[in-house]
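What follows is a short report on a single structure.
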Amino acid sequence: MVLVQTLSALKPLQIGDITIKTPLALAPMAGHSNYALRRLCRELGGCGLVCTELISSNIVKNSRERALQRFDWRRDERPIAVQLFGVDPRTVAEAARVVVDHGADIVDINMGCWVPKIAKRGGGAALLRDVKAATAVVEAVVKAVDAPVTVKVRSGFEDGVVTAIPFAAAAEAVGAQAVAVHARFAGQGHGGEADWEVIAAVKDAVRHMPIIGNGDVHSGADARRMLDSTGCDGVMIGRAALGHPWRFRQIAHYLETGIELPEPSRSERALIALRHAKLTLENTRLPERVALREMRGQISKYKLDAPGSARIRNRLVRIETVGELESILLSVVSASDPDLCGRS
C-alpha cells in the first residue's frame, strides 16, 4: 500500500496585525451567532475567528440601551469581530468607534445580508449596487478606528452582476484588511449552488488582502477543495455549524490529517445542546423570554430525534421555560446513554 502525504492546509490567517490560529471562521448569522454559539465553537476546537450577529449602526447611534443588549462579546473569545450594517458612512464610522471602545478586535461591515427589511433600506447586500458608495462606507470606518476593518459580501446584489470583484479591489485600496465572499447573489438567498469561481476571481483581483470563502462548505473535504480551487486564505462556515458546533474541529482535523472525524453520538449531541442552552442563559443580556424564543431555533437544529421521528424537535420549538428545555435534553441523554446522563 502506498501512503500519499499531503501538505496541511491548516495555516494561520493574518488580518491586519491579528493572527488567527486557524483559517476557519464562524459566519455572522442573525438569531444564531450569539456568545453561546461562538464560545461553543471555540470550546469544541478548530474555530479561529468568530463574529457577532449583525448590529444596526443606527441603533448604536440612536439607542445605546438597545444596542448594548447585542454587545455580548467577552474577552475569552478574542479575537472577536463585531459586524455592523448601515448605509451612511458617518453613522457606520461612529458605530465602529463605539464597538471598538467596547472591545471589538475587528470591525466587520455587512454587505451580504439579502433579507428584504435590510436590503430595501439600501443596507446589506444592496450596498453592492454602487461600488463607489460601498467603498465610501469602508473608507469612513477605516479612518475612524484603530482596528482592522473587514467586509462580508455576496457575489453581487443583482443576479448575474458580479460586483464583489471590483468592490474587493476598491476596498483594499482604502484600507480594508480582509473580505469574506459568500459566492451567491442576494436574490439566491441560500438556494442554488455557490459559485466558487467568484471567490477565485476576487482573490485574483486583490494584491495582498486575505480573502475568505463562504458557501456550500459542510465538511473537511469541502473546505480543502475550496482552498485549493480558489486560492482563498480562509473558509467561513455558517449554516453548516448550526446544530453542529463541532464542525470546525472536524474540518480542522481533516485539513491537518486528511481524515474525517465521526459525528458525535445522539447523547453527546444532547449534552452539547444543553451546554449551548446554559451558555446562552448565563450570558445573555436579552430578557429570558426573548432568549428562550431564540433558543428554540438554535437547539432544535441538533437533530436529536431517532430516525424517522420529529417528536423531540417539535417539543423544542415550543419550549416556554428553562426547566422544560433541560428536561427534554436530559431525557434524550438518558434514553441514549444512562451513564452519560449521570455525569451531566
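Identifiers in the C-alpha cells: chain A, B, ... in order shown; residue index from 1 per chain; ligand index from 1 in order shown.
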
### Contacts of Ser57 in chain A within 9 Å, only C-alpha atoms, excl. fewer than 6 positions in-chain, as a PyMOL selection string
chain A and resi 67+84-88+91-96

Q.
I'd like the contact shell of Pro116 in chain A - 10 Å cut-off, only C-alpha atoms, skipping same-chain residues fewer than 6 positions apart - returned as a ChimeraX atom specification.
A. /A:122-126,186-187

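Between CA of Thr284 in chain A and CA of Val100 in chain A the separation is 20.0 Å.
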
What are the closest atom pairs, with distances in Å to one decimal, for all residues of range 126-179 of chain A lying within 12 Å of range 19-40 of chain A? Consider only C-alpha atoms, order rows by chain and residue number, and present the result as JSON lines.
{"residue": "A:Pro148", "atom": "CA", "partner": "A:Thr19", "partner_atom": "CA", "distance": 11.5}
{"residue": "A:Val151", "atom": "CA", "partner": "A:Pro28", "partner_atom": "CA", "distance": 11.4}
{"residue": "A:Lys152", "atom": "CA", "partner": "A:Ala27", "partner_atom": "CA", "distance": 9.0}
{"residue": "A:Val153", "atom": "CA", "partner": "A:Ala27", "partner_atom": "CA", "distance": 11.5}

With only C-alpha atoms as the counted atoms, please give the residues lying no more than 12 Å from Asp195 in chain A, apart from itself and same-chain residues fewer than 6 positions off, as a PDB file with C-alpha atoms, in the first residue's frame.
ATOM      1  CA  ARG A 154     -22.266  38.463  -1.677  1.00  0.00           C
ATOM      2  CA  SER A 155     -21.213  37.895  -5.296  1.00  0.00           C
ATOM      3  CA  GLY A 156     -23.445  40.846  -6.093  1.00  0.00           C
ATOM      4  CA  GLY A 160     -25.592  37.786 -12.762  1.00  0.00           C
ATOM      5  CA  VAL A 162     -20.756  40.296 -10.081  1.00  0.00           C
ATOM      6  CA  VAL A 181     -17.195  36.307  -0.105  1.00  0.00           C
ATOM      7  CA  HIS A 182     -20.449  34.369   0.062  1.00  0.00           C
ATOM      8  CA  ALA A 183     -20.482  33.120  -3.507  1.00  0.00           C
ATOM      9  CA  ARG A 184     -24.192  33.632  -4.157  1.00  0.00           C
ATOM     10  CA  PHE A 185     -26.166  36.608  -5.386  1.00  0.00           C
ATOM     11  CA  GLN A 188     -30.480  33.442  -4.298  1.00  0.00           C
ATOM     12  CA  ALA A 201     -11.797  35.914  -9.201  1.00  0.00           C
ATOM     13  CA  VAL A 202     -11.976  38.109  -6.097  1.00  0.00           C
ATOM     14  CA  GLY A 213     -14.516  31.917   1.029  1.00  0.00           C
ATOM     15  CA  ASN A 214     -18.068  31.141   2.108  1.00  0.00           C
ATOM     16  CA  GLY A 215     -20.797  28.928   0.679  1.00  0.00           C
ATOM     17  CA  ASP A 216     -21.501  25.180   0.497  1.00  0.00           C
ATOM     18  CA  VAL A 217     -18.768  24.022   2.858  1.00  0.00           C
ATOM     19  CA  MET A 226     -12.432  25.478  -1.689  1.00  0.00           C
ATOM     20  CA  SER A 229      -9.626  25.588  -6.187  1.00  0.00           C
ATOM     21  CA  THR A 230      -9.990  29.273  -5.325  1.00  0.00           C
TER      22      THR A 230
END

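Using only C-alpha atoms, the smallest distance between any of A:Glu172, A:Val115, A:Thr150, A:Val141 and Gln83 in chain A comes from A:Thr150.
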
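Using only C-alpha atoms, the shortest contact distance between Gly175 in chain A and any of A:Ala200, A:Tyr302, A:Glu158, A:His208 is found at A:His208.
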
Practice item. Can you pull out every residue within 9 Å of range 305-312 of chain A, counting only C-alpha atoms, but drop anything in the same chain fewer than 5 positions away, and send it as a PyMOL selection string? Key: chain A and resi 266+300+317+328-329+332

Quick one: write out the picked residues with N, CA and C atoms as a short mmCIF file (atom, residue, chain, number, x, y, z; two decimals), in the first residue's frame?
data_model
loop_
_atom_site.label_atom_id
_atom_site.label_comp_id
_atom_site.auth_asym_id
_atom_site.auth_seq_id
_atom_site.Cartn_x
_atom_site.Cartn_y
_atom_site.Cartn_z
N ARG A 266 -25.86 10.54 19.54
CA ARG A 266 -27.08 11.30 19.85
C ARG A 266 -27.03 11.85 21.28
N SER A 300 -33.16 23.29 18.33
CA SER A 300 -33.90 22.32 17.51
C SER A 300 -33.09 21.83 16.31
N VAL A 317 -39.23 23.35 19.72
CA VAL A 317 -39.65 24.61 19.10
C VAL A 317 -40.83 25.24 19.83
N ILE A 328 -36.22 18.06 28.44
CA ILE A 328 -36.23 17.42 27.12
C ILE A 328 -34.85 16.91 26.75
N LEU A 329 -33.83 17.74 26.94
CA LEU A 329 -32.47 17.35 26.55
C LEU A 329 -31.95 16.20 27.40
N VAL A 332 -33.25 12.84 26.38
CA VAL A 332 -32.56 12.26 25.22
C VAL A 332 -31.29 11.57 25.68
#

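Using only C-alpha atoms, the protein and nucleic acid residues lying no more than 12 Å from Gly297 in chain A, apart from those fewer than 4 places from it along its own chain, are Ala30, Gly31, His32, Ser33, Leu242, Gly243, Ala273, Ala277, Val290, Ala291, Leu292, Arg293, Lys301, Tyr302, Lys303, Arg313, Asn314, Arg315, Leu316, Val317, Arg318 and Ile319 of chain A.
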
Go ahead and write the selection's residues with C-alpha atoms as a JSON list (two decimals), in the first residue's frame.
[["chain", "number", "residue", "atom", "x", "y", "z"],
["A", 30, "ALA", "CA", -28.81, 36.82, 12.80],
["A", 31, "GLY", "CA", -30.54, 34.96, 15.61],
["A", 32, "HIS", "CA", -27.77, 32.40, 15.91],
["A", 33, "SER", "CA", -24.20, 33.63, 16.28],
["A", 242, "LEU", "CA", -25.93, 25.34, 13.24],
["A", 243, "GLY", "CA", -26.68, 22.36, 15.44],
["A", 273, "ALA", "CA", -27.07, 21.25, 23.15],
["A", 277, "ALA", "CA", -28.51, 26.42, 26.33],
["A", 290, "VAL", "CA", -36.61, 36.54, 24.30],
["A", 291, "ALA", "CA", -33.55, 34.34, 24.82],
["A", 292, "LEU", "CA", -35.76, 31.26, 25.08],
["A", 293, "ARG", "CA", -37.53, 32.14, 21.83],
["A", 301, "LYS", "CA", -31.14, 22.08, 14.88],
["A", 302, "TYR", "CA", -29.19, 19.47, 16.85],
["A", 303, "LYS", "CA", -31.12, 16.58, 15.23],
["A", 313, "ARG", "CA", -37.78, 18.77, 17.63],
["A", 314, "ASN", "CA", -41.50, 19.54, 17.83],
["A", 315, "ARG", "CA", -41.19, 19.88, 21.60],
["A", 316, "LEU", "CA", -38.07, 22.03, 21.42],
["A", 317, "VAL", "CA", -39.65, 24.61, 19.10],
["A", 318, "ARG", "CA", -42.40, 25.14, 21.68],
["A", 319, "ILE", "CA", -40.40, 25.46, 24.91]]

Surrounding residues of Thr257 in chain A excluding itself and chain neighbours under 3 positions, 8 Å, only C-alpha atoms, as a VMD selection string: chain A and resid 8 253 to 254

### Message
I'd like to know which residues of range 102-318 of chain A are alpha helix (DSSP H) (by DSSP, run on the backbone); could you write them as an NGL selection string?
### Response
:A and (116-119 or 131-144 or 164-173 or 196-205 or 220-230 or 247-257 or 266-283 or 288-299 or 311-316)

Spatial neighbours of range 101-107 of chain A, max dist 10 Å, only C-alpha atoms, sep filter under 4 positions, as a count of residues only = 32

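Between CA of Ala9 in chain A and CA of Leu255 in chain A lies a distance of 5.1 Å.
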
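CA of Ile55 in chain A sits 20.8 Å away from CA of Ala171 in chain A.
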
- [ ] Could you give me the residues within range 2-120 of chain A that DSSP places in strand (DSSP E), as a list in words?
- [x] Leu13, Gln14, Ile15, Ile18, Thr19, Ile20, Leu24, Ala25, Leu26, Val50, Cys51, Ile55, Ser56, Ile80, Ala81, Val82, Gln83, Leu84, Phe85, Ile106, Val107, Asp108, Ile109, Asn110 and Met111 of chain A

Any chance you can output those residues with C-alpha atoms as an mmCIF file, in the first residue's frame?
data_model
loop_
_atom_site.group_PDB
_atom_site.id
_atom_site.type_symbol
_atom_site.label_atom_id
_atom_site.label_comp_id
_atom_site.auth_asym_id
_atom_site.auth_seq_id
_atom_site.Cartn_x
_atom_site.Cartn_y
_atom_site.Cartn_z
ATOM 1 C CA LEU A 13 -4.787 33.597 8.907
ATOM 2 C CA GLN A 14 -3.422 37.115 9.244
ATOM 3 C CA ILE A 15 -5.902 40.023 9.364
ATOM 4 C CA ILE A 18 -4.100 39.997 14.300
ATOM 5 C CA THR A 19 -3.059 36.367 13.825
ATOM 6 C CA ILE A 20 -5.973 33.938 13.619
ATOM 7 C CA LEU A 24 -11.699 28.784 9.814
ATOM 8 C CA ALA A 25 -14.257 31.438 10.731
ATOM 9 C CA LEU A 26 -17.796 31.311 12.080
ATOM 10 C CA VAL A 50 -15.841 34.339 15.465
ATOM 11 C CA CYS A 51 -18.130 37.218 14.570
ATOM 12 C CA ILE A 55 -25.819 45.140 14.665
ATOM 13 C CA SER A 56 -27.555 48.210 13.289
ATOM 14 C CA ILE A 80 -13.664 38.829 18.098
ATOM 15 C CA ALA A 81 -15.118 40.552 15.047
ATOM 16 C CA VAL A 82 -18.211 42.722 15.512
ATOM 17 C CA GLN A 83 -20.432 43.111 12.476
ATOM 18 C CA LEU A 84 -22.215 46.381 11.694
ATOM 19 C CA PHE A 85 -24.668 47.257 8.972
ATOM 20 C CA ILE A 106 -12.103 43.642 14.232
ATOM 21 C CA VAL A 107 -14.938 45.664 12.712
ATOM 22 C CA ASP A 108 -16.797 43.760 10.012
ATOM 23 C CA ILE A 109 -19.160 45.578 7.658
ATOM 24 C CA ASN A 110 -22.207 43.688 6.441
ATOM 25 C CA MET A 111 -22.672 43.861 2.676
#
